[in-house]
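Below is query.cif, holding mmCIF, C-alpha atoms.
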```
data_data
#
loop_
_atom_site.label_atom_id
_atom_site.label_comp_id
_atom_site.auth_asym_id
_atom_site.auth_seq_id
_atom_site.Cartn_x
_atom_site.Cartn_y
_atom_site.Cartn_z
CA MET C 272 18.62 -47.05 7.66
CA ILE C 273 15.74 -49.02 6.13
CA GLU C 274 14.04 -46.35 4.02
CA ALA C 275 17.01 -46.00 1.69
CA SER C 276 17.02 -49.75 1.13
CA ILE C 277 13.29 -50.05 0.51
CA SER C 278 13.58 -47.41 -2.22
CA ALA C 279 15.87 -49.81 -4.06
CA VAL C 280 13.91 -53.08 -3.62
CA PRO C 281 15.21 -54.92 -6.74
CA GLY C 282 18.83 -54.49 -5.64
CA LEU C 283 17.91 -55.39 -2.10
CA ILE C 284 16.17 -58.62 -3.06
CA VAL C 285 19.00 -59.83 -5.29
CA SER C 286 21.61 -59.00 -2.64
CA PHE C 287 19.58 -60.71 0.05
CA LEU C 288 19.06 -63.92 -1.96
CA ILE C 289 22.77 -64.19 -2.76
CA LEU C 290 23.85 -63.49 0.82
CA ALA C 291 21.21 -65.82 2.27
CA ALA C 292 22.37 -68.65 0.03
CA LEU C 293 26.00 -68.09 1.01
CA ILE C 294 25.20 -68.13 4.74
CA ALA C 295 22.20 -70.43 5.08
CA ALA C 296 23.42 -73.35 2.99
CA PRO C 297 26.66 -73.92 4.95
CA THR C 298 24.75 -73.42 8.22
CA ALA C 299 22.24 -76.15 7.31
CA LEU C 300 24.95 -78.55 6.11
CA VAL C 301 27.04 -78.12 9.26
CA ALA C 302 23.98 -78.59 11.47
CA LYS C 303 23.03 -81.81 9.70
CA ALA C 304 26.60 -83.09 9.87
CA ARG C 305 26.62 -82.54 13.64
CA ASN C 306 23.14 -84.04 14.05
CA LYS C 307 21.72 -80.70 15.22
CA PRO C 308 18.24 -79.39 14.39
CA TRP C 309 18.81 -77.40 11.24
CA PRO C 310 15.54 -75.50 10.48
CA LEU C 311 15.85 -72.97 13.31
CA ARG C 312 19.57 -72.44 12.70
CA THR C 313 18.98 -71.95 8.99
CA ALA C 314 16.10 -69.53 9.62
CA LEU C 315 18.35 -67.45 11.91
CA ALA C 316 21.12 -67.45 9.29
CA VAL C 317 18.65 -66.29 6.64
CA TYR C 318 17.41 -63.54 8.94
CA LEU C 319 20.95 -62.35 9.67
CA ALA C 320 21.56 -62.23 5.92
CA GLY C 321 18.47 -60.04 5.62
CA ILE C 322 19.72 -57.68 8.34
CA LEU C 323 23.10 -57.32 6.64
CA ALA C 324 21.51 -56.78 3.22
CA VAL C 325 19.11 -54.14 4.52
CA THR C 326 21.66 -52.25 6.59
CA LEU C 327 24.83 -52.46 4.50
CA LEU C 328 23.51 -52.38 0.94
CA PRO C 329 25.18 -49.31 -0.68
CA GLY C 330 22.89 -46.36 -1.31
CA ASP C 331 23.03 -42.86 -2.71
CA ALA C 332 22.43 -40.90 0.47
CA GLY C 333 24.05 -40.57 3.85
CA LEU C 334 26.51 -38.40 5.71
CA GLN C 335 30.20 -38.00 5.10
CA SER C 336 32.61 -40.68 6.28
CA TRP C 337 33.09 -40.86 10.04
CA GLN C 338 30.03 -38.76 10.72
CA CYS C 339 27.01 -39.87 12.73
CA ASP C 340 23.66 -38.30 13.48
CA THR C 341 23.64 -38.08 17.28
CA GLY C 342 20.34 -36.24 17.61
CA THR C 343 18.14 -37.41 20.49
CA PRO C 344 15.73 -40.19 19.37
CA THR C 345 12.57 -38.37 20.46
CA HIS C 346 10.17 -40.25 18.11
CA LEU C 347 11.31 -43.80 18.70
CA PHE C 348 7.80 -45.31 18.74
CA THR C 349 6.04 -42.82 16.47
CA SER C 350 8.42 -42.51 13.52
CA ALA C 351 7.80 -44.94 10.64
CA SER C 352 11.55 -45.33 10.12
CA SER C 353 12.15 -46.17 13.80
CA LEU C 354 9.29 -48.67 13.87
CA LEU C 355 10.76 -50.40 10.81
CA ASN C 356 14.13 -50.61 12.52
CA ILE C 357 12.53 -52.09 15.63
CA ALA C 358 10.76 -54.65 13.45
CA LEU C 359 14.02 -55.47 11.66
CA PHE C 360 15.84 -56.73 14.75
CA ALA C 361 13.00 -58.19 16.86
CA PRO C 362 12.38 -61.41 14.86
CA GLY C 363 16.09 -62.21 14.63
CA ALA C 364 16.49 -61.86 18.40
CA LEU C 365 13.41 -64.04 18.91
CA LEU C 366 14.86 -66.81 16.73
CA ALA C 367 18.22 -66.58 18.50
CA VAL C 368 16.58 -66.93 21.94
CA LEU C 369 14.61 -69.97 20.80
CA LEU C 370 17.84 -71.48 19.49
CA PHE C 371 20.34 -70.66 22.25
CA LYS C 372 17.94 -70.18 25.20
CA ARG C 373 19.99 -67.24 26.52
CA PRO C 374 17.79 -64.11 26.21
CA VAL C 375 20.12 -61.66 28.00
CA THR C 376 23.14 -62.65 25.93
CA VAL C 377 21.10 -62.55 22.73
CA ALA C 378 19.76 -59.06 23.48
CA ALA C 379 23.31 -57.82 24.16
CA ALA C 380 24.67 -59.55 21.05
CA PHE C 381 22.05 -58.04 18.76
CA GLY C 382 22.61 -54.64 20.35
CA ALA C 383 26.32 -54.99 19.64
CA LEU C 384 25.49 -56.07 16.07
CA SER C 385 23.43 -52.89 15.59
CA ALA C 386 26.31 -50.77 16.91
CA ALA C 387 28.73 -52.51 14.55
CA VAL C 388 26.38 -51.86 11.63
CA GLU C 389 26.09 -48.15 12.47
CA LEU C 390 29.86 -47.80 12.80
CA ALA C 391 30.32 -49.60 9.47
CA GLN C 392 27.88 -47.19 7.86
CA SER C 393 29.85 -44.28 9.30
CA ALA C 394 33.32 -45.58 8.43
CA GLY C 395 32.58 -46.98 4.98
CA HIS C 396 31.70 -45.18 1.77
CA LEU C 397 28.33 -46.91 1.57
CA GLY C 398 26.09 -43.93 0.96
CA ARG C 399 24.34 -44.76 4.24
CA SER C 400 23.80 -42.74 7.42
CA CYS C 401 24.99 -43.68 10.88
CA SER C 402 22.29 -42.69 13.35
CA VAL C 403 21.89 -42.96 17.13
CA THR C 404 18.14 -43.12 16.53
CA ASP C 405 18.60 -46.24 14.37
CA LEU C 406 20.87 -47.76 17.01
CA ALA C 407 18.27 -47.12 19.72
CA ALA C 408 15.48 -48.55 17.55
CA ASN C 409 17.47 -51.68 16.67
CA ALA C 410 18.46 -52.22 20.30
CA THR C 411 14.82 -51.82 21.30
CA GLY C 412 13.84 -54.41 18.70
CA ALA C 413 16.52 -56.78 20.00
CA LEU C 414 15.25 -56.34 23.57
CA LEU C 415 11.62 -56.89 22.60
CA GLY C 416 12.47 -59.95 20.53
CA SER C 417 14.50 -61.43 23.38
CA MET C 418 11.70 -60.78 25.85
CA VAL C 419 9.15 -62.45 23.57
CA GLY C 420 11.51 -65.39 23.16
CA ALA C 421 11.96 -65.69 26.93
CA VAL C 422 8.18 -65.64 27.44
CA TRP C 423 7.78 -68.26 24.70
CA LEU C 424 10.30 -70.55 26.40
CA TYR C 425 8.59 -70.06 29.76
CA ARG C 426 5.14 -70.87 28.38
CA ARG C 427 6.54 -73.95 26.59
CA ARG C 428 8.23 -74.95 29.83
CA GLN C 429 11.62 -74.91 28.16
CA PRO C 430 14.13 -73.75 30.76
CA VAL C 431 16.62 -71.00 30.02
CA GLY C 432 20.12 -72.45 29.98
CA LYS C 433 22.08 -71.44 33.10
CA PRO C 434 20.33 -68.12 33.89
CA LEU C 435 23.13 -66.70 36.05
CA ARG C 436 25.72 -67.42 33.38
CA ASP C 437 23.41 -65.92 30.76
CA LEU C 438 23.04 -62.79 32.87
CA ALA C 439 26.78 -62.51 33.45
CA TRP C 440 27.66 -63.08 29.79
CA GLY C 441 24.96 -60.68 28.59
CA MET C 442 25.92 -57.88 30.96
CA SER C 443 29.63 -58.31 30.18
CA LEU C 444 29.00 -58.27 26.45
CA GLY C 445 26.71 -55.23 26.78
CA VAL C 446 29.23 -53.26 28.84
CA LEU C 447 32.10 -54.18 26.50
CA ALA C 448 30.09 -53.19 23.42
CA ALA C 449 28.98 -49.90 25.02
CA LEU C 450 32.53 -48.98 26.04
CA SER C 451 33.87 -49.85 22.59
CA VAL C 452 31.22 -47.78 20.83
CA LEU C 453 31.73 -44.82 23.15
CA GLY C 454 35.48 -45.05 22.63
CA VAL C 455 35.12 -44.95 18.85
CA PHE C 456 32.62 -42.10 19.06
CA GLU C 457 34.87 -40.03 21.29
CA SER C 458 38.05 -40.65 19.30
CA ARG C 459 36.89 -40.83 15.69
CA ILE C 460 33.26 -39.94 15.00
CA ASP C 461 32.23 -36.43 14.01
CA ARG C 462 28.85 -35.86 15.61
CA VAL C 463 26.06 -34.03 13.79
CA ASP C 464 22.40 -33.40 14.51
CA ILE C 465 20.44 -33.76 11.27
CA VAL C 466 17.15 -32.58 12.76
CA ALA C 467 18.79 -29.45 14.16
CA MET C 468 20.61 -28.92 10.85
CA ASP C 469 17.34 -29.23 8.92
CA ASP C 470 15.63 -26.80 11.30
CA GLN C 471 18.55 -24.41 10.89
CA ARG C 472 18.37 -24.68 7.08
CA ARG C 473 14.63 -24.01 7.13
CA GLY C 474 15.12 -21.07 9.47
CA LEU C 475 17.92 -19.74 7.30
CA ALA C 476 15.79 -20.06 4.17
CA GLU C 477 12.90 -18.23 5.86
CA SER C 478 15.28 -15.53 7.10
CA ALA C 479 16.73 -15.15 3.61
CA VAL C 480 13.26 -14.49 2.18
CA GLN C 481 12.52 -11.91 4.86
CA ALA C 482 15.95 -10.33 4.36
CA ASP C 483 15.30 -10.04 0.62
CA GLU C 484 12.04 -8.22 1.29
CA TRP C 485 13.73 -5.87 3.78
CA ILE C 486 16.69 -4.99 1.55
CA ALA C 487 14.33 -4.40 -1.41
CA THR C 488 12.31 -1.95 0.72
CA ALA C 489 15.52 -0.23 1.83
CA ALA C 490 16.73 0.05 -1.78
CA LYS C 491 13.51 1.78 -2.80
CA GLY C 492 13.79 4.12 0.16
CA VAL C 493 17.41 5.05 -0.64
CA PHE C 494 17.37 5.13 -4.44
CA GLY C 495 13.71 5.92 -5.13
CA SER C 496 10.32 4.23 -5.01
CA ASP C 497 10.53 3.02 -8.64
CA THR C 498 13.85 1.22 -8.07
CA GLN C 499 13.90 -2.32 -9.47
CA VAL C 500 15.89 -5.01 -7.66
CA ARG C 501 17.71 -7.21 -10.16
CA GLU C 502 19.27 -9.74 -7.81
CA THR C 503 20.21 -10.32 -4.20
CA ALA C 504 23.11 -12.22 -2.70
CA THR C 505 22.98 -13.58 0.84
CA LYS C 506 25.94 -14.81 2.86
CA LYS C 507 25.86 -16.30 6.35
CA ASP C 508 28.11 -14.43 8.77
CA GLY C 509 27.99 -16.13 12.16
CA SER C 510 24.45 -15.86 13.50
CA ARG C 511 23.44 -13.18 11.00
CA LEU C 512 22.93 -12.82 7.27
CA ARG C 513 24.83 -10.33 5.17
CA ILE C 514 22.73 -9.38 2.16
CA THR C 515 23.53 -7.30 -0.92
CA ALA C 516 20.97 -6.15 -3.47
CA THR C 517 21.87 -5.07 -6.99
CA THR C 518 19.32 -2.68 -8.49
CA ASP C 519 18.92 -0.66 -11.65
CA ARG C 520 20.14 2.37 -9.67
CA GLY C 521 22.98 0.97 -7.61
CA THR C 522 23.92 -1.54 -4.94
CA ILE C 523 23.01 -1.65 -1.27
CA SER C 524 23.98 -4.04 1.53
CA GLY C 525 23.10 -4.69 5.14
CA THR C 526 22.72 -7.34 7.82
CA TRP C 527 19.73 -9.39 8.96
CA PRO C 528 17.98 -9.80 11.39
CA ALA C 529 19.40 -6.58 12.90
CA LYS C 530 18.10 -4.69 9.82
CA THR C 531 21.27 -2.63 9.76
CA LEU C 532 22.34 -0.99 6.52
CA GLU C 533 26.09 -1.02 5.93
CA SER C 534 26.75 0.54 2.54
CA ALA C 535 25.21 1.74 -0.70
CA TRP C 536 26.47 3.36 -3.83
CA SER C 537 24.48 4.79 -6.69
CA SER C 538 25.31 3.77 -10.25
CA ASN C 539 25.04 7.51 -11.03
CA SER C 540 28.00 8.69 -8.97
CA ARG C 541 28.34 12.08 -10.64
CA GLY C 542 27.38 15.18 -8.73
CA ASP C 543 24.20 17.07 -9.61
CA GLU C 544 23.93 20.69 -10.70
CA GLY C 545 21.81 21.75 -7.76
CA SER C 546 21.40 24.93 -5.75
CA LEU C 547 21.83 23.70 -2.18
CA ASN C 548 24.64 25.27 -0.19
CA LYS C 549 26.76 23.54 2.45
CA LYS C 550 24.32 24.23 5.28
CA GLU C 551 21.35 22.99 3.26
CA VAL C 552 23.22 19.84 2.23
CA ALA C 553 24.04 19.21 5.89
CA ALA C 554 20.35 19.51 6.74
CA ALA C 555 19.37 17.09 3.94
CA ALA C 556 22.02 14.64 5.12
CA ALA C 557 20.79 14.92 8.70
CA GLN C 558 17.23 14.12 7.63
CA PHE C 559 18.40 11.05 5.70
CA ALA C 560 20.64 9.89 8.56
CA ARG C 561 17.90 10.26 11.19
CA LYS C 562 15.59 8.10 9.06
CA TRP C 563 17.99 5.27 8.25
CA PHE C 564 20.62 5.49 11.00
CA PRO C 565 18.99 6.90 14.16
CA GLN C 566 21.33 4.90 16.40
CA ASN C 567 24.38 6.36 14.66
CA VAL C 568 23.15 9.94 14.66
CA ALA C 569 22.15 10.11 18.32
CA GLY C 570 24.78 12.06 20.25
CA SER C 571 27.09 12.30 17.21
CA ASP C 572 28.99 15.26 15.79
CA GLN C 573 28.45 16.14 12.13
CA GLN C 574 31.23 17.37 9.87
CA VAL C 575 30.78 18.48 6.26
CA ARG C 576 33.43 18.98 3.60
CA SER C 577 33.18 19.58 -0.12
CA ILE C 578 34.31 17.21 -2.87
CA GLY C 579 35.47 18.78 -6.12
CA ASP C 580 34.30 22.16 -7.38
CA GLY C 581 32.11 23.65 -10.07
CA PRO C 582 28.44 22.92 -10.79
CA THR C 583 28.70 19.19 -9.95
CA MET C 584 30.37 19.66 -6.58
CA ALA C 585 29.24 17.21 -3.86
CA TYR C 586 29.76 16.97 -0.11
CA THR C 587 30.94 14.29 2.32
CA VAL C 588 28.95 14.36 5.54
CA VAL C 589 30.62 12.49 8.40
CA TYR C 590 29.10 11.48 11.74
CA ARG C 591 31.30 10.55 14.70
CA ARG C 592 30.45 10.09 18.37
CA TYR C 593 32.82 10.79 21.26
CA ALA C 594 32.71 9.70 24.89
CA ASP C 595 35.26 11.29 27.25
CA LYS C 596 37.11 12.51 24.14
CA VAL C 597 37.45 8.92 22.83
CA MET C 598 36.07 8.34 19.32
CA MET C 599 33.52 5.54 19.51
CA PRO C 600 33.52 2.66 16.96
CA MET C 601 30.31 3.87 15.30
CA ARG C 602 30.86 5.28 11.78
CA LEU C 603 28.60 6.98 9.25
CA ASP C 604 29.85 8.61 6.05
CA LEU C 605 27.44 10.06 3.49
CA THR C 606 28.11 11.49 0.05
CA VAL C 607 25.45 14.05 -0.90
CA THR C 608 24.98 16.19 -4.02
CA THR C 609 23.82 19.79 -4.15
CA THR C 610 20.30 18.56 -4.95
CA GLY C 611 20.19 16.61 -1.69
CA ARG C 612 20.58 13.24 -3.45
CA VAL C 613 22.58 10.68 -1.47
CA ILE C 614 25.10 9.14 -3.85
CA GLY C 615 26.24 6.58 -1.31
CA PHE C 616 27.04 5.82 2.29
CA ALA C 617 29.17 3.58 4.50
CA ALA C 618 28.00 2.79 8.02
CA ARG C 619 29.19 0.85 11.01
CA THR C 620 26.54 0.52 13.68
CA VAL C 621 28.09 -0.53 16.99
CA ASP C 622 26.94 0.12 20.54
CA ASP C 623 29.32 2.35 22.49
CA PRO C 624 31.60 0.05 24.51
CA VAL C 625 32.50 0.57 28.16
CA LEU C 626 36.20 1.46 28.23
CA PRO C 627 38.88 1.62 30.93
CA ARG C 628 39.78 5.13 32.10
CA VAL C 629 42.30 6.97 29.91
CA THR C 630 45.53 7.68 31.82
CA VAL C 631 47.86 8.48 28.90
CA ASP C 632 47.41 11.93 27.34
CA LYS C 633 48.30 12.92 23.79
CA ALA C 634 51.73 14.30 24.62
CA LYS C 635 52.76 11.18 26.50
CA ALA C 636 51.45 8.91 23.72
CA GLN C 637 53.48 10.86 21.13
CA ALA C 638 56.57 10.66 23.34
CA LEU C 639 56.18 6.91 23.71
CA ALA C 640 55.75 6.49 19.96
CA THR C 641 58.82 8.63 19.24
CA ALA C 642 60.88 6.62 21.72
CA THR C 643 59.81 3.44 19.93
CA THR C 644 60.39 4.53 16.33
CA GLY C 645 62.93 7.30 16.68
CA LEU C 646 60.70 9.41 14.42
CA PRO C 647 58.79 12.56 15.35
CA SER C 648 55.05 12.06 15.56
CA GLU C 649 52.86 13.99 13.15
CA SER C 650 49.39 13.07 14.37
CA ALA C 651 47.59 11.34 17.22
CA LEU C 652 44.02 10.05 17.34
CA LEU C 653 42.28 8.63 20.42
CA LEU C 654 39.66 6.03 19.58
CA ALA C 655 38.04 2.83 20.81
CA GLN C 656 39.49 -0.32 19.25
CA GLN C 657 39.20 -4.03 19.89
CA VAL C 658 42.44 -5.57 21.11
CA LYS C 659 42.35 -9.36 21.40
CA GLY C 660 38.57 -9.26 21.59
CA GLU C 661 38.42 -6.53 24.26
CA TRP C 662 37.50 -2.88 23.70
CA ARG C 663 40.33 -0.53 24.69
CA PRO C 664 41.03 3.22 24.38
CA VAL C 665 43.90 3.44 21.89
CA TRP C 666 46.13 6.24 20.70
CA LEU C 667 47.02 5.89 17.02
CA VAL C 668 50.19 7.94 16.60
CA GLY C 669 51.44 8.56 13.06
CA SER C 670 54.99 9.49 12.09
CA GLY C 671 54.46 9.66 8.36
CA LYS C 672 56.16 6.32 7.83
CA GLN C 673 54.85 4.15 10.64
CA ASP C 674 51.75 4.21 12.82
CA ILE C 675 52.12 3.18 16.46
CA ALA C 676 49.21 2.00 18.62
CA ILE C 677 49.44 2.88 22.32
CA ASP C 678 47.00 1.59 24.94
CA ALA C 679 45.67 4.82 26.46
CA ALA C 680 44.86 3.09 29.74
CA THR C 681 48.20 1.35 30.35
CA GLY C 682 50.70 3.13 28.07
CA GLU C 683 51.76 -0.19 26.53
CA ARG C 684 52.43 -0.48 22.83
CA ILE C 685 49.92 -2.68 20.99
CA ALA C 686 51.67 -5.00 18.55
CA GLY C 687 50.10 -5.92 15.23
CA LYS C 688 46.84 -4.67 13.79
CA VAL C 689 44.10 -3.30 16.01
#
```

Would you mind writing the structure in this file as structure tokens?
Amino acid sequence: MIEASISAVPGLIVSFLILAALIAAPTALVAKARNKPWPLRTALAVYLAGILAVTLLPGDAGLQSWQCDTGTPTHLFTSASSLLNIALFAPGALLAVLLFKRPVTVAAAFGALSAAVELAQSAGHLGRSCSVTDLAANATGALLGSMVGAVWLYRRRQPVGKPLRDLAWGMSLGVLAALSVLGVFESRIDRVDIVAMDDQRRGLAESAVQADEWIATAAKGVFGSDTQVRETATKKDGSRLRITATTDRGTISGTWPAKTLESAWSSNSRGDEGSLNKKEVAAAAAQFARKWFPQNVAGSDQQVRSIGDGPTMAYTVVYRRYADKVMMPMRLDLTVTTTGRVIGFAARTVDDPVLPRVTVDKAKAQALATATTGLPSESALLLAQQVKGEWRPVWLVGSGKQDIAIDAATGERIAGKV
């Protein structure tokens, strides 16, 4: 609250002098007209002008409208900003107690004033930040100032005016202010935690650096040790980072911190004129897959098929894993040349889910699909799919024109995409 104002002292001083003149002069004139002591009243008016100038002077920082930093004020008496906020409200509360001789009511009133200031900072486009820490510091300052004022009155043998009434008024005002603030916070304020956000940003930045180093190492391992990384792009995806590196030999992407590669494709996508046969290509692919995708390879079946013909023919090497004849969600597809060079790959690394028992066989699934579409089924594939966030065994039955998804545990048709 205060730091932003101190950084703009010239504007603060001018605003304070103008506001003090507008408030203090009428206060002094009214006090004199009513034959009341005017110095203390004028001093309190000047101090209130200072509070308003410091807290509501427009700045160039702050949160968005109707946001407030609700992080726990853990450094109330050690933070320089919090100590300044305590010092801001304590003298004003002291002056008010000396004037009105009602310390409890004054403490509650200054606490309510602090809450009103914070809500104004949140609601208005002032470039200022609403903060629960500032509210706690200001309220602490108001309490300390009121206590000092009460002690001053006691030592000067000046009685507090109607203590029971002061207590009743102060408690009522405090409860009313607290309920009002809580009501506004619950209904209108968007709560944020700046400290947690800053920690998250720092953690994200550190993770991004580590992810860059990891993807650069992976690029050299896939494309060659002399590969040069030109740029990297990082995108936050939930609790993980998705990172893509562009190199002089192709692109590669993966996720951090799981260190899971997802895809790569060489800029030289033509096949090589090598001498490896299908079996030798399969062995080269297996060696590559065991190094970079051990979790995908374990327990998987390998299938190899050729792409094209002639001297630049290449092969697609596919890894799939089955459990009780259900294809698991793990995927690994490699494209390998006859020299053993991996042109590219696409991978999906997922732990095998626990599925309900399959009760619908292929014939029944095809019959159900035919009854639904009126078309003969041409293919049926049993695989694990997520349906509304839950892993299920699913028959995908194709008719050539329309694919039907059948829950292999219940026999029910699954509407929409799976």

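The closest residue to C:Ser537, picked from C:Gly581, C:Gly615, C:Pro430, C:Gly495 and counting all atoms listed in the file, is C:Gly615.
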
Residues selected by the PyMOL selection byres ((chain C and resi 585) around 12), written as a ChimeraX atom specification: /C:540-549,552-553,556,575-584,586-588,605-615

Could you build a table of the residues in stretch 410-434 of chain C lying no more than 6 Å from stretch 375-386 of chain C, giving for each the nearest pair of atoms and their separation in Å rounded to one decimal place, using only C-alpha atoms, ordered by chain and ascending residue number, as a tab-separated table?
```
residue	atom	partner	partner_atom	distance
C:Ala410	CA	C:Gly382	CA	4.8
C:Ala413	CA	C:Ala378	CA	5.3
C:Leu414	CA	C:Ala378	CA	5.3
C:Ser417	CA	C:Ala378	CA	5.8
```

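For the set C:Gln657, C:Gln392, C:Ser496, C:Gln637, the residue with the smallest atom-to-atom gap to C:Val625 is C:Gln657, counting all atoms listed in the file.
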
Neighbour list for C:Glu661 as a list in words, cut-off 12 Å, only C-alpha atoms, skip fewer than 6 positions in-chain: Pro624, Val625, Leu626, Pro627, Ala655, Asp678 and Val689 of chain C

Would you save the residues from that selection as a compact mmCIF listing (two decimals), in the coordinates of the input, using C-alpha atoms?
```
# COMPACT_ATOMS: atom_id res chain seq x y z
CA PRO C 624 31.60 0.05 24.51
CA VAL C 625 32.50 0.57 28.16
CA LEU C 626 36.20 1.46 28.23
CA PRO C 627 38.88 1.62 30.93
CA ALA C 655 38.04 2.83 20.81
CA ASP C 678 47.00 1.59 24.94
CA VAL C 689 44.10 -3.30 16.01
```

Pick out the residues sitting within 10 Å of C:Ser571, and hand them over as a VMD selection string; count only C-alpha atoms, and ignore anything fewer than 5 positions along from it in its own chain. chain C and resid 566 589 to 594 599 601 to 603

Hey, can you spit out that residue selection with C-alpha atoms as a PDB file, in the frame of the given file?
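So the final result, stored in selection25.pdb, reads:
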```
ATOM      1  CA  GLN C 566      21.330   4.900  16.400  1.00  0.00           C
ATOM      2  CA  VAL C 589      30.620  12.490   8.400  1.00  0.00           C
ATOM      3  CA  TYR C 590      29.100  11.480  11.740  1.00  0.00           C
ATOM      4  CA  ARG C 591      31.300  10.550  14.700  1.00  0.00           C
ATOM      5  CA  ARG C 592      30.450  10.090  18.370  1.00  0.00           C
ATOM      6  CA  TYR C 593      32.820  10.790  21.260  1.00  0.00           C
ATOM      7  CA  ALA C 594      32.710   9.700  24.890  1.00  0.00           C
ATOM      8  CA  MET C 599      33.520   5.540  19.510  1.00  0.00           C
ATOM      9  CA  MET C 601      30.310   3.870  15.300  1.00  0.00           C
ATOM     10  CA  ARG C 602      30.860   5.280  11.780  1.00  0.00           C
ATOM     11  CA  LEU C 603      28.600   6.980   9.250  1.00  0.00           C
TER      12      LEU C 603
END
```

Work out how far apart atom CA of C:Leu654 and atom CA of C:Met598 are and give it in Å to one decimal. 4.3 Å

Would you list the contacts of C:Ala679 as a list in words, taking every protein, DNA or RNA residue within 9 Å and counting only C-alpha atoms, but skipping same-chain residues closer than 4 positions in sequence? Pro627, Arg628, Val629, Thr630, Val631, Asp632, Lys633, Ala636, Leu653, Arg663, Pro664, Val665, Trp666 and Glu683 of chain C

Just so the selection is clear, what residues does the PyMOL selection byres ((chain C and resi 565) around 12) cover here, as a VMD selection string? chain C and resid 531 to 532 557 to 564 566 to 571 590 601 603 618 620

Export of the given selection (C-alpha atoms) as a short mmCIF file (atom, residue, chain, number, x, y, z; two decimals), in the coordinates of the input:
```
data_model
loop_
_atom_site.label_atom_id
_atom_site.label_comp_id
_atom_site.auth_asym_id
_atom_site.auth_seq_id
_atom_site.Cartn_x
_atom_site.Cartn_y
_atom_site.Cartn_z
CA THR C 531 21.27 -2.63 9.76
CA LEU C 532 22.34 -0.99 6.52
CA ALA C 557 20.79 14.92 8.70
CA GLN C 558 17.23 14.12 7.63
CA PHE C 559 18.40 11.05 5.70
CA ALA C 560 20.64 9.89 8.56
CA ARG C 561 17.90 10.26 11.19
CA LYS C 562 15.59 8.10 9.06
CA TRP C 563 17.99 5.27 8.25
CA PHE C 564 20.62 5.49 11.00
CA GLN C 566 21.33 4.90 16.40
CA ASN C 567 24.38 6.36 14.66
CA VAL C 568 23.15 9.94 14.66
CA ALA C 569 22.15 10.11 18.32
CA GLY C 570 24.78 12.06 20.25
CA SER C 571 27.09 12.30 17.21
CA TYR C 590 29.10 11.48 11.74
CA MET C 601 30.31 3.87 15.30
CA LEU C 603 28.60 6.98 9.25
CA ALA C 618 28.00 2.79 8.02
CA THR C 620 26.54 0.52 13.68
#
```

Residues in the PyMOL selection byres ((chain C and resi 357) around 10), expressed as a ChimeraX atom specification: /C:347-348,351-356,358-362,405-416

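Nearest to C:Ala680 of all the residues C:Gly645, C:Lys635, C:Gln499, C:Ala640 is C:Lys635, counting only C-alpha atoms.
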
Can you pull out the residues contacting stretch 315-320 of chain C? Cut-off 8 Å, using all atoms listed in the file, and skip same-chain residues under 4 positions away; I want them as a PyMOL selection string. chain C and resi 287+290-292+294-295+298+311+324+363+366-367

Save out the residues we just selected, C-alpha atoms, as a PDB file, keeping the file's coordinate frame.
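Printed below is out-v8.pdb as written:
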```pdb
ATOM      1  CA  PHE C 287      19.580 -60.710   0.050  1.00  0.00           C
ATOM      2  CA  LEU C 290      23.850 -63.490   0.820  1.00  0.00           C
ATOM      3  CA  ALA C 291      21.210 -65.820   2.270  1.00  0.00           C
ATOM      4  CA  ALA C 292      22.370 -68.650   0.030  1.00  0.00           C
ATOM      5  CA  ILE C 294      25.200 -68.130   4.740  1.00  0.00           C
ATOM      6  CA  ALA C 295      22.200 -70.430   5.080  1.00  0.00           C
ATOM      7  CA  THR C 298      24.750 -73.420   8.220  1.00  0.00           C
ATOM      8  CA  LEU C 311      15.850 -72.970  13.310  1.00  0.00           C
ATOM      9  CA  ALA C 324      21.510 -56.780   3.220  1.00  0.00           C
ATOM     10  CA  GLY C 363      16.090 -62.210  14.630  1.00  0.00           C
ATOM     11  CA  LEU C 366      14.860 -66.810  16.730  1.00  0.00           C
ATOM     12  CA  ALA C 367      18.220 -66.580  18.500  1.00  0.00           C
TER      13      ALA C 367
END
```

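Relative to atom CA of C:Asp604, atom CA of C:Ala554 is found at 14.5 Å.
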
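Proximity of C:Gln335, C:Thr517, C:Ile289, C:Leu453 to C:Leu323, computed with all atoms listed in the file, is greatest for C:Ile289.
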
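Atom CA of C:Ala489 sits 11.8 Å away from atom CA of C:Thr526.
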
Would you please work out which residue, of C:Gln429, C:Gln338, C:Gln574, C:Thr326, is nearest to C:Arg459 when using only C-alpha atoms? C:Gln338

Choose the residue, out of C:Gly525, C:Gly509, C:Pro600, C:Pro434, that has the smallest atom-to-atom separation from C:Phe616; count all atoms listed in the file. C:Gly525
